[in-house]
Amino acid sequence: MVKLNNVKHTKVICLLGPTASGKTNLAIKLHEILPIDLISVDSALIYRQMNIGTGKLSPQELNSTPHRLLDIKDPAECYSAAAFRHDALIEIEDILKRGRIPCLVGGTMFYFKTLIEGLSILPPADFNIRNEIDKIAHEKGWDFLYGKLCKIDPISANYIHHHDLQRIKRALEIFYISGKTFTDMKSTFMEPLPYNLYQFGMIPYSRELLHKRIELRFKQMLALGFETECRKLFARGDLHINMPSVRCVGYRQMWSYIHNEINYDEMVDKGICATKQLAKHQMTWMRKWKNIHLLSDNIKLAINSILKILFGK
């Protein structure tokens, strides 16, 4: 764990927002006018070879506006919220030592929550147990496992969606490793951040407009070669549908299409629908967020609000 300095009066910016809300464009504009360095907070952008489907900036854009914690993992590798916290703290400290302001930008709300509040100290992954859980899921289905979680840990089951396979698996894994429920083990936390945090959130004023942006962006990704990108990943032979990288929104639906489980039009519809559901989930998180300044999705107005809050201008 990174040792934190006593920097309570040091500014650190957090810029949250649902997918297609314009937060990346806002971050780029802020980078042009403020001495900030950007840190990506996105569980999909960490993967190499996954560029089009994640909406990753082009190499030219990243050259002028670098983002840290991009392309740090192969799609076959796992990455946890705890690992993100560790890596993000290293980047924050490095940026501060350079006399600049860290700006964390992204839409993976659990990463933000873990970074800001700390994370309960949980046992590391046990792949033998995970394989056993996968075996049960294959034989009896995920509904059976979700029902098991409801009996073992009803509190966790109440807020874990019955289709959130990764979190169901993790909650069961924790119980089988430790004999304690995920709810019980969340009582012990890591040290929360000591920085002077400024948290900003972009919530589009029009859900209809956001949905149109999502549809347009998904179709643009297809035009840019999203299917080709996925087929190259599929051809590697070492990836499968239960891996976090493949379960990313868009990739999961394209994977089903490549496997001939759904047709092309179904893939497009399901991909757009899943992205809208992701945006809804992100906004639900943000509405419950503490100490957040909500911004207009007009970038000029948003910048003025941020400058006023940061510097009183």
# chains A, B, ... in the order shown; residues from 1 in each chain; ligands from 1

$ residues_around --residues "Ile95 in chain A" --least-positions-apart "6" --cutoff "8 Å" --atoms "only C-alpha atoms" --output "count of residues only"
3

$ select_by_dssp --residues "range 90-143 of chain A" --states "strand (DSSP E or B)" --output "ChimeraX atom specification"
/A:101-106,120

$ write_last_selection --atoms "all heavy atoms" --output "compact mmCIF listing (two decimals), in the first residue's frame"
# COMPACT_ATOMS: atom_id res chain seq x y z
N ILE A 101 -1.52 19.35 -10.58
CA ILE A 101 -2.75 18.92 -9.93
C ILE A 101 -3.24 17.62 -10.57
O ILE A 101 -3.45 17.57 -11.78
CB ILE A 101 -3.86 20.00 -10.08
CG1 ILE A 101 -3.41 21.32 -9.47
CG2 ILE A 101 -5.16 19.53 -9.42
CD1 ILE A 101 -4.37 22.48 -9.76
N PRO A 102 -3.42 16.58 -9.77
CA PRO A 102 -3.99 15.35 -10.33
C PRO A 102 -5.48 15.54 -10.64
O PRO A 102 -6.22 16.12 -9.85
CB PRO A 102 -3.80 14.32 -9.21
CG PRO A 102 -2.85 14.95 -8.24
CD PRO A 102 -3.05 16.43 -8.36
N CYS A 103 -5.90 15.05 -11.78
CA CYS A 103 -7.31 15.08 -12.17
C CYS A 103 -7.71 13.68 -12.58
O CYS A 103 -7.27 13.19 -13.62
CB CYS A 103 -7.56 16.07 -13.29
SG CYS A 103 -9.29 16.11 -13.85
N LEU A 104 -8.53 13.03 -11.75
CA LEU A 104 -8.99 11.68 -12.04
C LEU A 104 -10.30 11.77 -12.79
O LEU A 104 -11.25 12.40 -12.33
CB LEU A 104 -9.17 10.89 -10.75
CG LEU A 104 -7.86 10.69 -9.97
CD1 LEU A 104 -7.86 11.50 -8.70
CD2 LEU A 104 -7.61 9.22 -9.68
N VAL A 105 -10.36 11.14 -13.96
CA VAL A 105 -11.55 11.26 -14.80
C VAL A 105 -11.99 9.90 -15.30
O VAL A 105 -11.18 9.09 -15.74
CB VAL A 105 -11.27 12.21 -16.00
CG1 VAL A 105 -10.06 11.76 -16.81
CG2 VAL A 105 -12.49 12.34 -16.89
N GLY A 106 -13.29 9.63 -15.18
CA GLY A 106 -13.80 8.37 -15.68
C GLY A 106 -15.20 8.07 -15.19
O GLY A 106 -15.85 8.91 -14.55
N SER A 120 -12.59 -2.31 2.09
CA SER A 120 -12.47 -3.33 3.13
C SER A 120 -11.35 -4.30 2.78
O SER A 120 -11.09 -4.56 1.61
CB SER A 120 -13.79 -4.08 3.29
OG SER A 120 -14.23 -4.56 2.04

$ residues_around --residues "Tyr257 in chain A" --least-positions-apart "6" --cutoff "10 Å" --atoms "only C-alpha atoms" --output "short mmCIF file (atom, residue, chain, number, x, y, z; two decimals) with N, CA, C and O atoms, in the first residue's frame"
data_model
loop_
_atom_site.label_atom_id
_atom_site.label_comp_id
_atom_site.auth_asym_id
_atom_site.auth_seq_id
_atom_site.Cartn_x
_atom_site.Cartn_y
_atom_site.Cartn_z
N GLU A 227 -15.82 -4.59 -34.84
CA GLU A 227 -15.93 -6.04 -35.04
C GLU A 227 -14.56 -6.65 -35.35
O GLU A 227 -14.22 -7.72 -34.80
N TYR A 251 -18.26 -5.38 -25.81
CA TYR A 251 -17.45 -6.56 -26.11
C TYR A 251 -18.24 -7.83 -25.82
O TYR A 251 -18.14 -8.80 -26.57
N ASN A 263 -27.66 -12.56 -33.94
CA ASN A 263 -27.30 -12.02 -35.25
C ASN A 263 -26.78 -10.58 -35.10
O ASN A 263 -26.74 -10.03 -34.00
N TYR A 264 -26.39 -10.01 -36.22
CA TYR A 264 -25.74 -8.68 -36.20
C TYR A 264 -26.66 -7.61 -35.62
O TYR A 264 -26.24 -6.82 -34.75
N ASP A 265 -27.91 -7.58 -36.08
CA ASP A 265 -28.83 -6.55 -35.60
C ASP A 265 -29.09 -6.70 -34.10
O ASP A 265 -29.20 -5.70 -33.37
N GLU A 266 -29.18 -7.94 -33.64
CA GLU A 266 -29.37 -8.17 -32.20
C GLU A 266 -28.16 -7.68 -31.42
O GLU A 266 -28.30 -7.11 -30.33
N MET A 267 -26.97 -7.91 -31.97
CA MET A 267 -25.75 -7.45 -31.32
C MET A 267 -25.77 -5.93 -31.17
O MET A 267 -25.45 -5.40 -30.10
N VAL A 268 -26.16 -5.24 -32.22
CA VAL A 268 -26.21 -3.77 -32.17
C VAL A 268 -27.23 -3.31 -31.13
O VAL A 268 -26.93 -2.46 -30.28
#

$ residues_around --residues "Leu222 in chain A" --least-positions-apart "3" --cutoff "12 Å" --atoms "only C-alpha atoms" --output "short mmCIF file (atom, residue, chain, number, x, y, z; two decimals) with N, CA, C and O atoms, in the first residue's frame"
data_model
loop_
_atom_site.label_atom_id
_atom_site.label_comp_id
_atom_site.auth_asym_id
_atom_site.auth_seq_id
_atom_site.Cartn_x
_atom_site.Cartn_y
_atom_site.Cartn_z
N ILE A 52 -11.15 0.59 -29.75
CA ILE A 52 -12.35 1.13 -30.39
C ILE A 52 -13.57 0.95 -29.48
O ILE A 52 -14.31 1.90 -29.23
N GLY A 53 -13.77 -0.26 -28.96
CA GLY A 53 -14.94 -0.54 -28.15
C GLY A 53 -14.96 0.16 -26.81
O GLY A 53 -16.02 0.28 -26.18
N THR A 54 -13.82 0.62 -26.34
CA THR A 54 -13.76 1.36 -25.08
C THR A 54 -13.83 2.86 -25.28
O THR A 54 -13.87 3.61 -24.31
N GLY A 55 -13.82 3.30 -26.54
CA GLY A 55 -13.83 4.73 -26.81
C GLY A 55 -12.53 5.41 -26.44
O GLY A 55 -12.51 6.60 -26.13
N GLU A 215 -26.24 5.88 -28.84
CA GLU A 215 -26.52 5.17 -30.09
C GLU A 215 -25.57 5.59 -31.19
O GLU A 215 -25.03 4.75 -31.92
N LEU A 216 -25.33 6.89 -31.30
CA LEU A 216 -24.42 7.40 -32.32
C LEU A 216 -23.01 6.89 -32.09
O LEU A 216 -22.33 6.45 -33.04
N ARG A 217 -22.56 6.91 -30.84
CA ARG A 217 -21.19 6.49 -30.56
C ARG A 217 -21.00 5.01 -30.84
O ARG A 217 -19.97 4.59 -31.36
N PHE A 218 -22.00 4.19 -30.49
CA PHE A 218 -21.87 2.76 -30.74
C PHE A 218 -21.78 2.48 -32.25
O PHE A 218 -20.96 1.67 -32.69
N LYS A 219 -22.59 3.18 -33.02
CA LYS A 219 -22.57 2.98 -34.48
C LYS A 219 -21.26 3.52 -35.08
O LYS A 219 -20.73 2.94 -36.04
N GLY A 225 -14.41 -0.10 -37.02
CA GLY A 225 -13.80 -1.43 -37.06
C GLY A 225 -13.87 -2.19 -35.75
O GLY A 225 -13.01 -3.04 -35.47
N PHE A 226 -14.89 -1.93 -34.95
CA PHE A 226 -15.04 -2.61 -33.67
C PHE A 226 -15.10 -4.13 -33.83
O PHE A 226 -14.49 -4.88 -33.06
N GLU A 227 -15.82 -4.59 -34.84
CA GLU A 227 -15.93 -6.04 -35.04
C GLU A 227 -14.56 -6.65 -35.35
O GLU A 227 -14.22 -7.72 -34.80
N THR A 228 -13.78 -6.00 -36.17
CA THR A 228 -12.45 -6.50 -36.50
C THR A 228 -11.57 -6.57 -35.25
O THR A 228 -10.84 -7.53 -35.04
N GLU A 229 -11.67 -5.54 -34.41
CA GLU A 229 -10.92 -5.51 -33.16
C GLU A 229 -11.27 -6.72 -32.30
O GLU A 229 -10.38 -7.39 -31.75
N CYS A 230 -12.57 -7.03 -32.19
CA CYS A 230 -13.02 -8.15 -31.36
C CYS A 230 -12.62 -9.49 -31.97
O CYS A 230 -12.27 -10.43 -31.24
N GLY A 250 -20.43 -3.88 -24.70
CA GLY A 250 -20.10 -3.84 -26.13
C GLY A 250 -19.32 -5.08 -26.53
O GLY A 250 -19.69 -5.77 -27.49
N TYR A 251 -18.26 -5.38 -25.81
CA TYR A 251 -17.45 -6.56 -26.11
C TYR A 251 -18.24 -7.83 -25.82
O TYR A 251 -18.14 -8.80 -26.57
N MET A 254 -20.65 -8.28 -28.69
CA MET A 254 -19.94 -8.64 -29.92
C MET A 254 -19.41 -10.07 -29.83
O MET A 254 -19.40 -10.80 -30.83
N TYR A 264 -26.39 -10.01 -36.22
CA TYR A 264 -25.74 -8.68 -36.20
C TYR A 264 -26.66 -7.61 -35.62
O TYR A 264 -26.24 -6.82 -34.75
N ASP A 265 -27.91 -7.58 -36.08
CA ASP A 265 -28.83 -6.55 -35.60
C ASP A 265 -29.09 -6.70 -34.10
O ASP A 265 -29.20 -5.70 -33.37
N MET A 267 -26.97 -7.91 -31.97
CA MET A 267 -25.75 -7.45 -31.32
C MET A 267 -25.77 -5.93 -31.17
O MET A 267 -25.45 -5.40 -30.10
N VAL A 268 -26.16 -5.24 -32.22
CA VAL A 268 -26.21 -3.77 -32.17
C VAL A 268 -27.23 -3.31 -31.13
O VAL A 268 -26.93 -2.46 -30.28
N GLY A 271 -26.03 -4.18 -27.62
CA GLY A 271 -24.89 -3.34 -27.25
C GLY A 271 -25.31 -1.94 -26.84
O GLY A 271 -24.84 -1.40 -25.84
N ILE A 272 -26.21 -1.36 -27.62
CA ILE A 272 -26.72 -0.02 -27.30
C ILE A 272 -27.52 -0.04 -26.01
O ILE A 272 -27.36 0.83 -25.14
#

$ residues_around --residues "Ile72 in chain A" --least-positions-apart "6" --cutoff "8 Å" --atoms "only C-alpha atoms" --output "VMD selection string"
chain A and resid 46 to 48

$ residues_around --residues "range 177-181 of chain A" --least-positions-apart "6" --cutoff "10 Å" --atoms "only C-alpha atoms" --output "number ranges by chain"
A: 122-126, 129, 149, 152-156, 171

$ select_by_dssp --residues "range 9-221 of chain A" --states "helix (DSSP H, G or I)" --output "count of residues only"
107

$ residues_around --residues "Phe112 in chain A" --least-positions-apart "6" --cutoff "12 Å" --atoms "only C-alpha atoms" --output "ChimeraX atom specification"
/A:13-17,39-43,81-82,84-85,88-89,103-106,118-119,192-193,197,199-201,282,285-286,289-290

$ atom_distance --atom1 "CA of Glu173 in chain A" --atom2 "CA of Met185 in chain A"
12.5 Å

$ atom_distance --atom1 "CA of Ile136 in chain A" --atom2 "CA of Ile168 in chain A"
12.7 Å

$ closest_residue --among "A:Arg213, A:Met283, A:Ile133, A:Asn291" --to "Ile174 in chain A" --atoms "only C-alpha atoms"
A:Ile133

$ closest_residue --among "A:Thr65, A:Ala83, A:Asn131, A:Leu278" --to "Leu30 in chain A" --atoms "only C-alpha atoms"
A:Thr65
